[in-house]
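J.: Quick one, coords29.txt (compact mmCIF, C-alpha atoms and all ligand atoms):
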# COMPACT_ATOMS: atom_id res chain seq x y z
CA MET A 1 129.10 -104.53 -96.40
CA SER A 2 127.04 -103.97 -99.54
CA PRO A 3 128.65 -102.05 -102.42
CA THR A 4 128.33 -98.25 -102.38
CA HIS A 5 126.95 -98.25 -105.93
CA ASP A 6 125.42 -100.55 -108.54
CA VAL A 7 127.63 -99.25 -111.35
CA ILE A 8 130.70 -97.01 -111.46
CA VAL A 9 131.34 -95.29 -114.80
CA ILE A 10 134.92 -94.16 -115.48
CA GLY A 11 135.24 -91.18 -117.84
CA LEU A 12 132.31 -88.81 -118.39
CA GLY A 13 133.14 -87.74 -121.95
CA GLY A 14 130.99 -88.79 -124.90
CA MET A 15 130.43 -92.45 -124.11
CA GLY A 16 130.59 -92.29 -120.30
CA SER A 17 128.06 -89.46 -120.01
CA ALA A 18 125.66 -91.45 -122.20
CA ALA A 19 126.21 -94.57 -120.08
CA ALA A 20 125.55 -92.60 -116.88
CA HIS A 21 122.28 -91.36 -118.39
CA HIS A 22 121.01 -94.73 -119.61
CA LEU A 23 122.05 -96.57 -116.44
CA SER A 24 120.44 -94.05 -114.10
CA ALA A 25 117.31 -93.92 -116.28
CA ARG A 26 116.90 -97.63 -115.55
CA GLY A 27 117.11 -97.05 -111.81
CA ALA A 28 120.73 -98.11 -111.22
CA ARG A 29 122.67 -96.34 -108.45
CA VAL A 30 125.41 -94.78 -110.57
CA LEU A 31 128.68 -93.11 -109.64
CA GLY A 32 130.51 -91.35 -112.47
CA LEU A 33 134.19 -90.41 -112.06
CA GLU A 34 135.81 -87.94 -114.44
CA LYS A 35 139.45 -86.83 -114.55
CA PHE A 36 138.63 -83.26 -115.65
CA GLY A 37 135.61 -80.93 -115.39
CA PRO A 38 132.24 -81.37 -117.15
CA VAL A 39 132.32 -80.96 -120.99
CA HIS A 40 136.06 -80.31 -121.18
CA HIS A 41 138.24 -79.89 -124.28
CA ARG A 42 141.15 -82.18 -123.44
CA GLY A 43 139.77 -85.46 -124.79
CA SER A 44 137.83 -86.29 -127.94
CA SER A 45 134.32 -84.84 -127.54
CA HIS A 46 134.63 -81.11 -128.25
CA GLY A 47 134.89 -78.70 -131.19
CA GLY A 48 131.26 -77.71 -131.78
CA SER A 49 130.26 -80.28 -134.41
CA ARG A 50 130.51 -83.94 -135.37
CA LEU A 51 129.39 -85.38 -138.65
CA THR A 52 126.56 -87.90 -138.63
CA ARG A 53 125.31 -90.07 -141.48
CA GLN A 54 123.60 -93.39 -142.05
CA SER A 55 125.00 -94.63 -145.39
CA TYR A 56 128.06 -95.74 -143.52
CA PHE A 57 131.04 -96.43 -145.79
CA GLU A 58 133.02 -98.08 -142.99
CA ASP A 59 130.70 -101.13 -142.79
CA PRO A 60 126.96 -101.78 -143.19
CA ALA A 61 127.00 -103.41 -139.72
CA TYR A 62 126.94 -99.90 -138.20
CA VAL A 63 123.65 -98.94 -139.83
CA PRO A 64 121.15 -100.39 -137.30
CA LEU A 65 123.05 -98.62 -134.53
CA LEU A 66 122.82 -95.34 -136.45
CA LEU A 67 119.08 -95.73 -136.94
CA ARG A 68 118.73 -96.07 -133.17
CA ALA A 69 121.17 -93.20 -132.48
CA TYR A 70 118.99 -90.89 -134.57
CA GLU A 71 115.92 -91.79 -132.48
CA LEU A 72 117.88 -91.07 -129.34
CA TYR A 73 119.15 -87.65 -130.61
CA ALA A 74 115.48 -86.64 -130.85
CA GLU A 75 114.68 -88.07 -127.41
CA VAL A 76 117.50 -86.15 -125.74
CA GLU A 77 116.49 -83.00 -127.59
CA ARG A 78 112.92 -83.36 -126.32
CA ALA A 79 114.00 -84.18 -122.77
CA THR A 80 116.45 -81.29 -122.36
CA GLY A 81 115.48 -78.65 -124.94
CA ARG A 82 119.11 -78.56 -126.13
CA GLU A 83 119.96 -78.53 -129.84
CA ILE A 84 121.57 -81.91 -130.55
CA ALA A 85 121.35 -82.80 -134.27
CA THR A 86 121.01 -80.65 -137.41
CA LEU A 87 120.13 -82.82 -140.41
CA CYS A 88 121.16 -80.47 -143.20
CA GLY A 89 121.96 -83.27 -145.68
CA GLY A 90 125.37 -84.61 -146.64
CA VAL A 91 127.45 -85.59 -149.67
CA MET A 92 130.06 -88.35 -149.77
CA VAL A 93 132.25 -87.29 -152.69
CA GLY A 94 134.96 -89.13 -154.63
CA ARG A 95 135.54 -91.33 -157.62
CA PRO A 96 132.85 -94.00 -158.01
CA ALA A 97 135.17 -96.77 -156.81
CA SER A 98 136.47 -94.83 -153.80
CA ARG A 99 135.74 -96.21 -150.34
CA THR A 100 133.77 -93.09 -149.49
CA VAL A 101 131.38 -93.43 -152.44
CA ALA A 102 131.26 -97.19 -153.01
CA GLY A 103 131.15 -98.00 -149.29
CA SER A 104 128.37 -95.49 -148.62
CA LEU A 105 126.36 -96.85 -151.55
CA ARG A 106 126.79 -100.40 -150.29
CA SER A 107 125.29 -99.49 -146.89
CA ALA A 108 122.51 -97.44 -148.49
CA LEU A 109 121.49 -100.31 -150.75
CA GLN A 110 121.81 -103.01 -148.11
CA TRP A 111 119.63 -101.09 -145.65
CA ASP A 112 117.36 -99.41 -148.17
CA LEU A 113 118.33 -95.94 -146.95
CA PRO A 114 117.04 -92.88 -148.84
CA HIS A 115 119.88 -91.58 -151.04
CA GLU A 116 120.65 -90.09 -154.46
CA MET A 117 123.69 -90.48 -156.69
CA LEU A 118 124.87 -87.18 -158.21
CA ASP A 119 127.36 -86.71 -161.05
CA ALA A 120 129.84 -83.83 -161.00
CA LYS A 121 127.56 -81.52 -162.96
CA GLU A 122 124.64 -82.15 -160.62
CA ILE A 123 126.84 -81.67 -157.54
CA ARG A 124 127.90 -78.24 -158.88
CA ARG A 125 124.32 -77.31 -159.74
CA ARG A 126 122.88 -78.18 -156.35
CA PHE A 127 125.79 -77.06 -154.20
CA PRO A 128 127.62 -74.23 -155.96
CA THR A 129 130.32 -74.02 -153.26
CA LEU A 130 131.54 -77.53 -154.21
CA ALA A 131 133.92 -77.89 -157.17
CA PRO A 132 134.27 -81.59 -158.01
CA HIS A 133 136.45 -82.91 -160.83
CA ASP A 134 134.51 -84.27 -163.82
CA ASP A 135 135.25 -87.86 -162.76
CA GLU A 136 133.93 -87.38 -159.23
CA VAL A 137 130.44 -88.30 -158.04
CA ALA A 138 128.57 -88.09 -154.75
CA LEU A 139 126.12 -90.05 -152.71
CA TYR A 140 123.68 -87.50 -151.31
CA GLU A 141 121.91 -88.41 -148.09
CA ARG A 142 119.30 -85.96 -146.87
CA ARG A 143 119.36 -87.37 -143.33
CA ALA A 144 123.10 -86.76 -142.90
CA GLY A 145 124.12 -83.75 -140.88
CA LEU A 146 125.83 -82.87 -137.65
CA VAL A 147 125.63 -83.46 -133.93
CA ARG A 148 126.71 -80.91 -131.31
CA PRO A 149 129.17 -82.74 -129.03
CA GLU A 150 129.23 -80.29 -126.12
CA ASN A 151 125.43 -80.07 -126.07
CA LEU A 152 124.99 -83.83 -126.14
CA VAL A 153 127.51 -84.46 -123.36
CA ALA A 154 125.97 -81.67 -121.25
CA ALA A 155 122.47 -83.06 -121.88
CA HIS A 156 123.48 -86.58 -120.81
CA LEU A 157 125.20 -85.25 -117.68
CA GLN A 158 122.09 -83.19 -116.87
CA LEU A 159 119.73 -86.14 -117.33
CA ALA A 160 121.98 -88.46 -115.31
CA THR A 161 122.09 -85.97 -112.43
CA GLN A 162 118.32 -85.50 -112.53
CA GLN A 163 117.92 -89.28 -112.36
CA GLY A 164 120.04 -89.47 -109.21
CA ALA A 165 123.52 -90.33 -110.54
CA ALA A 166 126.42 -89.00 -108.47
CA LEU A 167 128.92 -87.42 -110.89
CA HIS A 168 132.32 -86.52 -109.46
CA PHE A 169 134.51 -84.25 -111.60
CA ASP A 170 138.24 -83.66 -111.17
CA GLU A 171 138.39 -87.03 -109.44
CA PRO A 172 140.27 -89.51 -111.66
CA MET A 173 140.30 -93.21 -110.99
CA VAL A 174 143.81 -94.19 -109.91
CA ARG A 175 143.24 -97.95 -110.03
CA TRP A 176 140.61 -100.62 -109.53
CA GLU A 177 140.58 -104.27 -108.52
CA PRO A 178 138.08 -107.12 -108.35
CA TYR A 179 136.35 -107.11 -104.97
CA ARG A 180 133.88 -109.71 -103.73
CA ASP A 181 131.31 -110.09 -106.54
CA GLY A 182 132.18 -106.74 -108.10
CA VAL A 183 134.92 -104.12 -108.11
CA ARG A 184 136.67 -101.65 -105.86
CA VAL A 185 137.77 -98.31 -107.36
CA HIS A 186 140.39 -96.03 -105.86
CA THR A 187 140.80 -92.31 -106.41
CA ALA A 188 143.27 -90.05 -104.59
CA GLU A 189 140.55 -89.15 -102.08
CA ASN A 190 138.27 -92.15 -101.83
CA THR A 191 137.56 -95.82 -102.32
CA TYR A 192 134.24 -96.96 -103.80
CA THR A 193 132.72 -100.37 -104.38
CA ALA A 194 130.19 -101.48 -106.98
CA GLY A 195 128.76 -104.54 -108.61
CA GLN A 196 129.72 -103.31 -112.09
CA LEU A 197 132.39 -101.11 -113.65
CA VAL A 198 131.99 -99.39 -117.04
CA ILE A 199 135.24 -97.95 -118.45
CA CYS A 200 134.95 -95.24 -121.15
CA PRO A 201 138.53 -93.95 -121.25
CA GLY A 202 138.78 -92.28 -124.69
CA ALA A 203 142.45 -91.53 -125.41
CA TRP A 204 143.45 -92.83 -121.98
CA ALA A 205 142.64 -96.41 -123.04
CA PRO A 206 146.30 -97.51 -123.26
CA GLN A 207 146.73 -96.56 -119.59
CA LEU A 208 143.40 -97.69 -118.16
CA LEU A 209 142.98 -100.89 -120.17
CA THR A 210 146.46 -102.41 -120.18
CA ASP A 211 145.04 -105.90 -119.59
CA LEU A 212 142.68 -105.72 -122.58
CA GLY A 213 145.46 -106.71 -124.99
CA VAL A 214 144.29 -104.31 -127.73
CA PRO A 215 147.08 -102.27 -129.39
CA PHE A 216 145.58 -98.75 -129.46
CA THR A 217 147.22 -95.88 -131.33
CA ILE A 218 146.40 -92.41 -130.00
CA GLU A 219 146.56 -89.68 -132.65
CA ARG A 220 146.61 -85.88 -132.58
CA HIS A 221 144.10 -84.34 -134.99
CA LEU A 222 143.20 -80.78 -135.91
CA MET A 223 139.93 -79.01 -136.66
CA TYR A 224 140.18 -75.78 -138.70
CA TRP A 225 137.75 -72.88 -139.01
CA PHE A 226 137.90 -70.61 -142.08
CA GLN A 227 135.92 -67.51 -142.97
CA PRO A 228 134.78 -68.08 -146.57
CA ARG A 229 135.71 -65.65 -149.31
CA GLY A 230 132.63 -63.68 -150.42
CA GLY A 231 130.73 -64.17 -147.15
CA ILE A 232 128.99 -66.83 -145.24
CA ARG A 233 125.59 -66.98 -146.93
CA PRO A 234 126.23 -69.88 -149.34
CA PHE A 235 127.71 -71.84 -146.43
CA LEU A 236 124.67 -71.62 -144.15
CA PRO A 237 123.08 -74.99 -143.29
CA ALA A 238 119.93 -74.09 -145.22
CA HIS A 239 122.02 -74.26 -148.44
CA HIS A 240 125.07 -76.26 -147.50
CA PRO A 241 125.51 -79.96 -146.74
CA VAL A 242 128.09 -81.68 -144.59
CA TYR A 243 130.62 -83.48 -146.78
CA ILE A 244 133.30 -86.15 -146.82
CA TRP A 245 135.57 -85.84 -149.84
CA GLU A 246 138.08 -88.50 -150.84
CA ASP A 247 140.82 -87.52 -153.30
CA ALA A 248 142.54 -89.77 -155.83
CA ALA A 249 145.16 -90.73 -153.23
CA GLY A 250 142.44 -91.92 -150.82
CA VAL A 251 142.86 -88.97 -148.40
CA GLN A 252 139.54 -87.79 -146.95
CA VAL A 253 138.62 -84.29 -145.79
CA TYR A 254 135.27 -83.53 -144.25
CA GLY A 255 133.47 -80.39 -143.24
CA PHE A 256 130.40 -78.61 -142.06
CA PRO A 257 128.21 -75.69 -143.02
CA ALA A 258 128.63 -72.38 -141.16
CA ILE A 259 126.61 -73.13 -138.03
CA ASP A 260 127.89 -70.61 -135.52
CA GLY A 261 126.95 -67.24 -136.98
CA PRO A 262 128.65 -64.75 -139.28
CA ASP A 263 131.99 -64.43 -137.47
CA LEU A 264 132.88 -68.03 -136.75
CA GLY A 265 133.24 -69.40 -140.28
CA ALA A 266 132.94 -73.06 -141.24
CA LYS A 267 134.88 -76.04 -139.92
CA VAL A 268 136.94 -78.59 -141.89
CA ALA A 269 139.28 -81.42 -140.91
CA PHE A 270 141.29 -84.28 -142.35
CA PHE A 271 139.86 -87.70 -141.57
CA ARG A 272 142.81 -89.90 -140.52
CA LYS A 273 145.95 -87.89 -141.18
CA GLY A 274 146.94 -87.53 -137.55
CA THR A 275 150.26 -87.86 -135.75
CA VAL A 276 150.86 -90.36 -132.97
CA CYS A 277 150.69 -88.81 -129.49
CA THR A 278 149.72 -89.46 -125.89
CA PRO A 279 147.25 -87.38 -123.85
CA GLU A 280 150.20 -86.14 -121.76
CA THR A 281 152.51 -85.19 -124.62
CA ILE A 282 150.11 -84.00 -127.35
CA ASP A 283 151.32 -80.83 -129.11
CA ARG A 284 148.44 -78.35 -128.71
CA THR A 285 150.14 -75.72 -130.91
CA VAL A 286 148.77 -75.34 -134.42
CA HIS A 287 151.57 -74.88 -136.96
CA ASP A 288 151.51 -72.64 -140.04
CA HIS A 289 152.40 -75.50 -142.36
CA GLU A 290 149.36 -77.44 -141.11
CA VAL A 291 147.02 -74.53 -141.85
CA ALA A 292 148.64 -74.10 -145.28
CA ALA A 293 148.17 -77.81 -146.10
CA MET A 294 144.47 -77.64 -145.22
CA ALA A 295 143.92 -74.39 -147.16
CA ASP A 296 145.65 -75.97 -150.15
CA ARG A 297 143.48 -79.08 -150.04
CA MET A 298 140.28 -77.06 -149.65
CA SER A 299 141.13 -74.78 -152.55
CA GLY A 300 140.81 -77.89 -154.77
CA CYS A 301 137.28 -78.80 -153.60
CA LEU A 302 135.59 -75.79 -151.94
CA PRO A 303 137.62 -72.93 -153.47
CA ASP A 304 135.80 -70.14 -151.58
CA LEU A 305 136.17 -71.71 -148.17
CA PRO A 306 139.81 -70.95 -147.30
CA GLY A 307 139.32 -67.17 -147.37
CA THR A 308 140.63 -66.22 -143.93
CA PHE A 309 141.97 -68.69 -141.41
CA LEU A 310 140.23 -68.09 -138.07
CA LYS A 311 141.42 -70.75 -135.63
CA ALA A 312 142.22 -74.42 -135.17
CA ALA A 313 141.95 -76.81 -132.24
CA THR A 314 143.46 -80.18 -131.35
CA CYS A 315 141.57 -83.38 -130.51
CA MET A 316 142.57 -87.05 -130.13
CA TYR A 317 141.56 -90.20 -132.00
CA SER A 318 141.94 -93.60 -130.24
CA ASN A 319 142.50 -96.00 -133.11
CA THR A 320 142.23 -99.76 -133.15
CA PRO A 321 144.17 -101.62 -135.88
CA ASP A 322 141.02 -102.17 -137.99
CA GLU A 323 139.37 -98.84 -137.01
CA HIS A 324 136.31 -100.60 -135.64
CA PHE A 325 135.19 -99.95 -132.05
CA VAL A 326 135.71 -102.06 -128.94
CA LEU A 327 132.40 -102.41 -127.11
CA ALA A 328 131.99 -105.49 -124.94
CA ARG A 329 132.33 -107.17 -121.60
CA HIS A 330 136.02 -107.11 -120.63
CA PRO A 331 137.35 -110.55 -121.65
CA ALA A 332 139.47 -110.85 -118.50
CA HIS A 333 136.63 -109.73 -116.17
CA PRO A 334 133.46 -110.79 -117.98
CA ASP A 335 131.19 -110.71 -114.92
CA SER A 336 131.88 -107.22 -113.66
CA VAL A 337 133.58 -104.95 -116.23
CA THR A 338 132.33 -103.44 -119.52
CA VAL A 339 134.53 -101.41 -121.89
CA ALA A 340 133.81 -98.83 -124.61
CA CYS A 341 136.95 -97.63 -126.37
CA GLY A 342 138.90 -97.49 -129.64
CA PHE A 343 136.31 -95.31 -131.38
CA SER A 344 138.92 -94.56 -134.06
CA GLY A 345 137.77 -91.05 -134.96
CA HIS A 346 134.20 -91.95 -135.87
CA GLY A 347 132.44 -92.65 -132.59
CA PHE A 348 130.60 -89.50 -131.66
CA LYS A 349 127.54 -90.02 -133.85
CA PHE A 350 126.97 -93.28 -131.93
CA VAL A 351 127.20 -91.76 -128.44
CA PRO A 352 123.54 -92.21 -127.39
CA VAL A 353 123.24 -95.78 -128.67
CA VAL A 354 126.58 -96.71 -127.09
CA GLY A 355 125.15 -95.45 -123.79
CA GLU A 356 122.16 -97.73 -124.26
CA ILE A 357 124.39 -100.71 -125.11
CA LEU A 358 126.63 -100.08 -122.09
CA ALA A 359 123.57 -100.01 -119.82
CA ASP A 360 122.38 -103.32 -121.36
CA LEU A 361 125.78 -104.98 -120.90
CA ALA A 362 126.36 -103.70 -117.36
CA LEU A 363 122.88 -104.50 -116.07
CA THR A 364 122.03 -107.71 -117.95
CA GLY A 365 125.32 -109.01 -119.40
CA ALA A 366 123.96 -108.88 -122.98
CA THR A 367 122.41 -106.55 -125.55
CA ALA A 368 119.96 -106.98 -128.40
CA HIS A 369 121.98 -104.46 -130.46
CA PRO A 370 124.31 -106.04 -133.06
CA ILE A 371 127.81 -105.48 -131.64
CA GLY A 372 129.66 -108.54 -132.95
CA LEU A 373 132.01 -106.34 -135.01
CA PHE A 374 133.24 -104.68 -131.81
CA ASP A 375 134.39 -107.81 -129.97
CA PRO A 376 137.93 -107.20 -128.62
CA HIS A 377 138.97 -110.82 -129.21
CA ARG A 378 139.52 -109.95 -132.89
CA LEU A 379 142.33 -107.56 -131.92
CA VAL A 380 144.21 -109.29 -129.15
CA ASN A 381 147.83 -109.55 -130.27
CA ALA A 382 147.02 -107.73 -133.55
CA PRO A 383 149.90 -105.56 -134.83
CA ALA A 384 149.22 -101.83 -134.12
C1 LIG B 401 139.08 -83.93 -134.54
C2 LIG B 401 138.05 -84.97 -134.32
C3 LIG B 401 136.98 -85.05 -135.19
C4 LIG B 401 136.01 -86.04 -135.04
N1 LIG B 401 134.97 -86.07 -135.91
C5 LIG B 401 133.99 -86.97 -135.73
C6 LIG B 401 132.83 -86.92 -136.54
O1 LIG B 401 132.68 -86.03 -137.39
N2 LIG B 401 131.86 -87.84 -136.33
C7 LIG B 401 131.97 -88.81 -135.38
O2 LIG B 401 131.07 -89.64 -135.25
N3 LIG B 401 133.06 -88.88 -134.58
C8 LIG B 401 134.06 -87.98 -134.74
N4 LIG B 401 135.16 -87.99 -133.92
C9 LIG B 401 135.32 -89.09 -132.95
C10 LIG B 401 134.51 -88.89 -131.69
O3 LIG B 401 134.51 -87.55 -131.29
C11 LIG B 401 135.07 -89.81 -130.62
O4 LIG B 401 135.01 -91.15 -131.09
C12 LIG B 401 134.29 -89.71 -129.30
O5 LIG B 401 134.20 -88.36 -128.90
C13 LIG B 401 135.00 -90.54 -128.24
O6 LIG B 401 134.29 -90.42 -127.01
P1 LIG B 401 134.92 -91.08 -125.71
O7 LIG B 401 133.88 -91.02 -124.66
O8 LIG B 401 135.52 -92.40 -126.07
O9 LIG B 401 136.18 -90.12 -125.34
P2 LIG B 401 136.15 -88.78 -124.47
O10 LIG B 401 134.96 -87.97 -124.78
O11 LIG B 401 137.49 -88.15 -124.60
O12 LIG B 401 135.94 -89.32 -122.98
C14 LIG B 401 136.92 -90.02 -122.26
C15 LIG B 401 136.92 -89.43 -120.86
O13 LIG B 401 137.65 -90.24 -119.94
C16 LIG B 401 138.21 -89.36 -118.98
N5 LIG B 401 139.26 -90.06 -118.26
C17 LIG B 401 140.46 -90.47 -118.70
N6 LIG B 401 141.14 -91.08 -117.71
C18 LIG B 401 140.35 -91.09 -116.62
C19 LIG B 401 140.50 -91.60 -115.29
N7 LIG B 401 141.61 -92.19 -114.89
N8 LIG B 401 139.48 -91.42 -114.40
C20 LIG B 401 138.32 -90.78 -114.79
N9 LIG B 401 138.15 -90.27 -116.05
C21 LIG B 401 139.14 -90.45 -116.94
C22 LIG B 401 138.71 -88.21 -119.85
O14 LIG B 401 139.00 -87.06 -119.12
C23 LIG B 401 137.55 -88.05 -120.82
O15 LIG B 401 136.61 -87.11 -120.34
C24 LIG B 401 136.14 -87.00 -134.01
C25 LIG B 401 137.19 -86.90 -133.10
C26 LIG B 401 138.13 -85.90 -133.26
C27 LIG B 401 139.25 -85.83 -132.27
Give the structure from this file in structure tokens form.

T.:
Amino acid sequence: MSPTHDVIVIGLGGMGSAAAHHLSARGARVLGLEKFGPVHHRGSSHGGSRLTRQSYFEDPAYVPLLLRAYELYAEVERATGREIATLCGGVMVGRPASRTVAGSLRSALQWDLPHEMLDAKEIRRRFPTLAPHDDEVALYERRAGLVRPENLVAAHLQLATQQGAALHFDEPMVRWEPYRDGVRVHTAENTYTAGQLVICPGAWAPQLLTDLGVPFTIERHLMYWFQPRGGIRPFLPAHHPVYIWEDAAGVQVYGFPAIDGPDLGAKVAFFRKGTVCTPETIDRTVHDHEVAAMADRMSGCLPDLPGTFLKAATCMYSNTPDEHFVLARHPAHPDSVTVACGFSGHGFKFVPVVGEILADLALTGATAHPIGLFDPHRLVNAPA
């Protein structure tokens, strides 16, 4: 009997929805299986906004992928009419030697990306809501901005469906096994077969990829919305950049302009100050001391922002030990399984290009995109 599908995609969050789109656009018979409903808030791809930037402090190796991701934001926007990216400009703020500033500058110089270096006085002049210390500087990138996670996931699901993909929601994979030249996937209701399996598990990676050998750490993170003191006008995207701000202790906060109208304030979050959790046991309650800690930090850099606390929401990071992604053929099943996981709190901006890479790997076994940094072999048996 021939397999029921060419490719089965597990998880239709950020990465899986993009894979389903790119695979079905190339004519593959795709089945997508998702544990929850479409565009849900229980994983990692929700909360209204995700920062995007090209002068990537984490490593210059990400830059070519970002250049392609930006092209694909525009393609998806054209194909669906949904608002995907708002390039309002961004500042990476800190002391000159901080990772945020020095790392961003390194990528900008290596890839000849348009950027400007601003001293504290110039930061205050251009962006009066920002209050840097005299010894802080910023790399300004006019092509930085934000991506709308719910819109992008919904757009990819829409395109995949239009291209003939079968997307099954509320139908989690229970297990899979090698079968003939491909795989067999079991859910509570059904069994499916396919030549290729693409696993995009987000925070469920420790459960779904036990044989990968990568020590993932799942973390609970919070996003906070505040109504600025003195009104929203200076925080509108026409005047206000996205920002990542590293303090003297190396702790980064990042935030967005006010993109959702006069009543919904502006969003801020800590980058990497989460608590270890699992998707089953994550504490979804937001505690007063957490709000107070964020308000306190913001009062030192955007003093008008923490006027009134509006709301906060939880979200999960899936960290690898070196905070670089895992994006490859599965080392134990190199002929039939592809994995995309361990996005370590900075994956969303790459969603469309990851979809393209997953389609390359599943359909041809290779990709022209530079993904050497994301090889899981580097992490097998690494301490968590
Ligand atoms: C607070 C916060 C802020 C962030 N900020 C940024 C940012 O500014 N910029 C940026 O680039 N990135 C950011 N990120 C990171 C980014 O959002 C993630 O890297 C990205 O969303 C991960 O996508 P994913 O597809 O791996 O996970 P998800 O979108 O969570 O998808 C995984 C899917 O797998 C499904 N699933 C699990 N088990 C099964 C199963 N057995 N069967 C079927 N389906 C299953 C889940 O239900 C889920 O839908 C942030 C993340 C958080 C939490």

J.: Measuring atom to atom with all atoms listed in the file, identify which of A:Val137, A:Leu33, A:Val7, A:Val337 is nearest to ligand LIG 401 (chain B).

T.: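 Selected residue with least distance to ligand LIG 401 (chain B): A:Leu33.
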
J.: Taking only C-alpha atoms and all ligand atoms and a cut-off of 6 Å, can you tell me which residues surround ligand LIG 401 (chain B), written as JSON, numbers by chain?

T.: {"A": [10, 11, 12, 13, 14, 15, 16, 33, 34, 35, 36, 43, 44, 45, 50, 51, 52, 172, 173, 174, 200, 201, 202, 204, 221, 222, 223, 315, 316, 317, 341, 343, 344, 345, 346, 347, 348, 349]}

J.: Have a look at A:Ala97, A:Ala155, A:Ala20, A:Met92 and name the one nearest to A:Ala248; count only C-alpha atoms.

T.: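 For A:Ala248, the nearest of the candidates is A:Ala97.
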
J.: Which distance in Å separates atom CA of A:Ala79 and atom CA of A:Arg148, to one decimal?

T.: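 Taking atom CA of A:Ala79 as the start and atom CA of A:Arg148 as the end point, the length is 15.7 Å.
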
J.: Mind checking which residues fall within 9 Å of A:Pro3, counting all atoms listed in the file, ignoring those fewer than 3 positions away in the same chain, and posting them as number ranges by chain?

T.: A: 6, 182-184, 192-195

J.: Could you take the residues named above and write them with C-alpha atoms, as a PDB file, keeping the file's coordinate frame?

T.:
ATOM      1  CA  ASP A   6     125.420-100.550-108.540  1.00  0.00           C
ATOM      2  CA  GLY A 182     132.180-106.740-108.100  1.00  0.00           C
ATOM      3  CA  VAL A 183     134.920-104.120-108.110  1.00  0.00           C
ATOM      4  CA  ARG A 184     136.670-101.650-105.860  1.00  0.00           C
ATOM      5  CA  TYR A 192     134.240 -96.960-103.800  1.00  0.00           C
ATOM      6  CA  THR A 193     132.720-100.370-104.380  1.00  0.00           C
ATOM      7  CA  ALA A 194     130.190-101.480-106.980  1.00  0.00           C
ATOM      8  CA  GLY A 195     128.760-104.540-108.610  1.00  0.00           C
TER       9      GLY A 195
END

J.: Hey, which of A:Val351, A:Arg82, A:Thr338, A:His5 ends up closest to A:Gly164? Count all atoms listed in the file.

T.: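 Once distances to A:Gly164 are computed over all atoms listed in the file, the minimum belongs to A:His5.
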
J.: Here is a test: counting all atoms listed in the file, which residue of A:Leu358, A:Ala102, A:Leu139, A:Ile199 is nearest to A:Glu116?

T.: A:Leu139

J.: Smallest atom-to-atom distance to A:Val101: which of A:Thr86, A:Thr320, A:Gln252, A:Thr191, using all atoms listed in the file?

T.: A:Gln252

J.: Have a look at A:Arg175, A:Ala144, A:Thr308, A:Thr285 and name the one nearest to A:Leu209; count all atoms listed in the file.

T.: A:Arg175

J.: Atom CA of A:Val353 and atom CA of A:Arg78, how far apart in Å?

T.: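 Separation of atom CA of A:Arg78 and atom CA of A:Val353: 16.3 Å.
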
J.: For the point (139.4, -107.0, -120.7) in the file's frame, write as a VMD selection string all residues with an atom no more than 9 Å away, counting all atoms listed in the file.

T.: chain A and resid 209 to 214 328 to 334 337 to 339 376

J.: Rounded to one decimal place, report the atom CA of A:Ala368-atom CA of A:Leu197 distance in Å.

T.: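 Those two atoms sit 20.2 Å apart.
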
J.: Determine, counting only C-alpha atoms, every residue of protein, DNA or RNA that lies within 7 Å of (126.0, -71.8, -150.5) in the file coordinates, then give the result as a PDB file with C-alpha atoms, keeping the file's coordinate frame.

T.:
ATOM      1  CA  PHE A 127     125.790 -77.060-154.200  1.00  0.00           C
ATOM      2  CA  PRO A 128     127.620 -74.230-155.960  1.00  0.00           C
ATOM      3  CA  THR A 129     130.320 -74.020-153.260  1.00  0.00           C
ATOM      4  CA  ARG A 233     125.590 -66.980-146.930  1.00  0.00           C
ATOM      5  CA  PRO A 234     126.230 -69.880-149.340  1.00  0.00           C
ATOM      6  CA  PHE A 235     127.710 -71.840-146.430  1.00  0.00           C
ATOM      7  CA  LEU A 236     124.670 -71.620-144.150  1.00  0.00           C
ATOM      8  CA  HIS A 239     122.020 -74.260-148.440  1.00  0.00           C
ATOM      9  CA  HIS A 240     125.070 -76.260-147.500  1.00  0.00           C
TER      10      HIS A 240
END

J.: Find the nearest atom pair between each residue of stretch 179-290 of chain A and stretch 298-302 of chain A for residues within 10 Å, count only C-alpha atoms, give distances in Å to one decimal, sort rows by chain and ascending number, and present the table as JSON lines.

T.:
{"residue": "A:Pro228", "atom": "CA", "partner": "A:Leu302", "partner_atom": "CA", "distance": 9.4}
{"residue": "A:Trp245", "atom": "CA", "partner": "A:Cys301", "partner_atom": "CA", "distance": 8.2}
{"residue": "A:Asp247", "atom": "CA", "partner": "A:Cys301", "partner_atom": "CA", "distance": 9.4}
{"residue": "A:Val253", "atom": "CA", "partner": "A:Met298", "partner_atom": "CA", "distance": 8.4}
{"residue": "A:Tyr254", "atom": "CA", "partner": "A:Met298", "partner_atom": "CA", "distance": 9.8}
{"residue": "A:Gly255", "atom": "CA", "partner": "A:Met298", "partner_atom": "CA", "distance": 9.9}
{"residue": "A:Val268", "atom": "CA", "partner": "A:Met298", "partner_atom": "CA", "distance": 8.6}
{"residue": "A:Ala269", "atom": "CA", "partner": "A:Met298", "partner_atom": "CA", "distance": 9.8}

J.: Set the distance at 12 Å and use all atoms listed in the file: which residues neighbour A:Val63 once local chain neighbours fewer than 2 positions away are removed? I'd like the list as a ChimeraX atom specification.

T.: /A:52-61,65-70,104,106-113,349-350,353,369-371
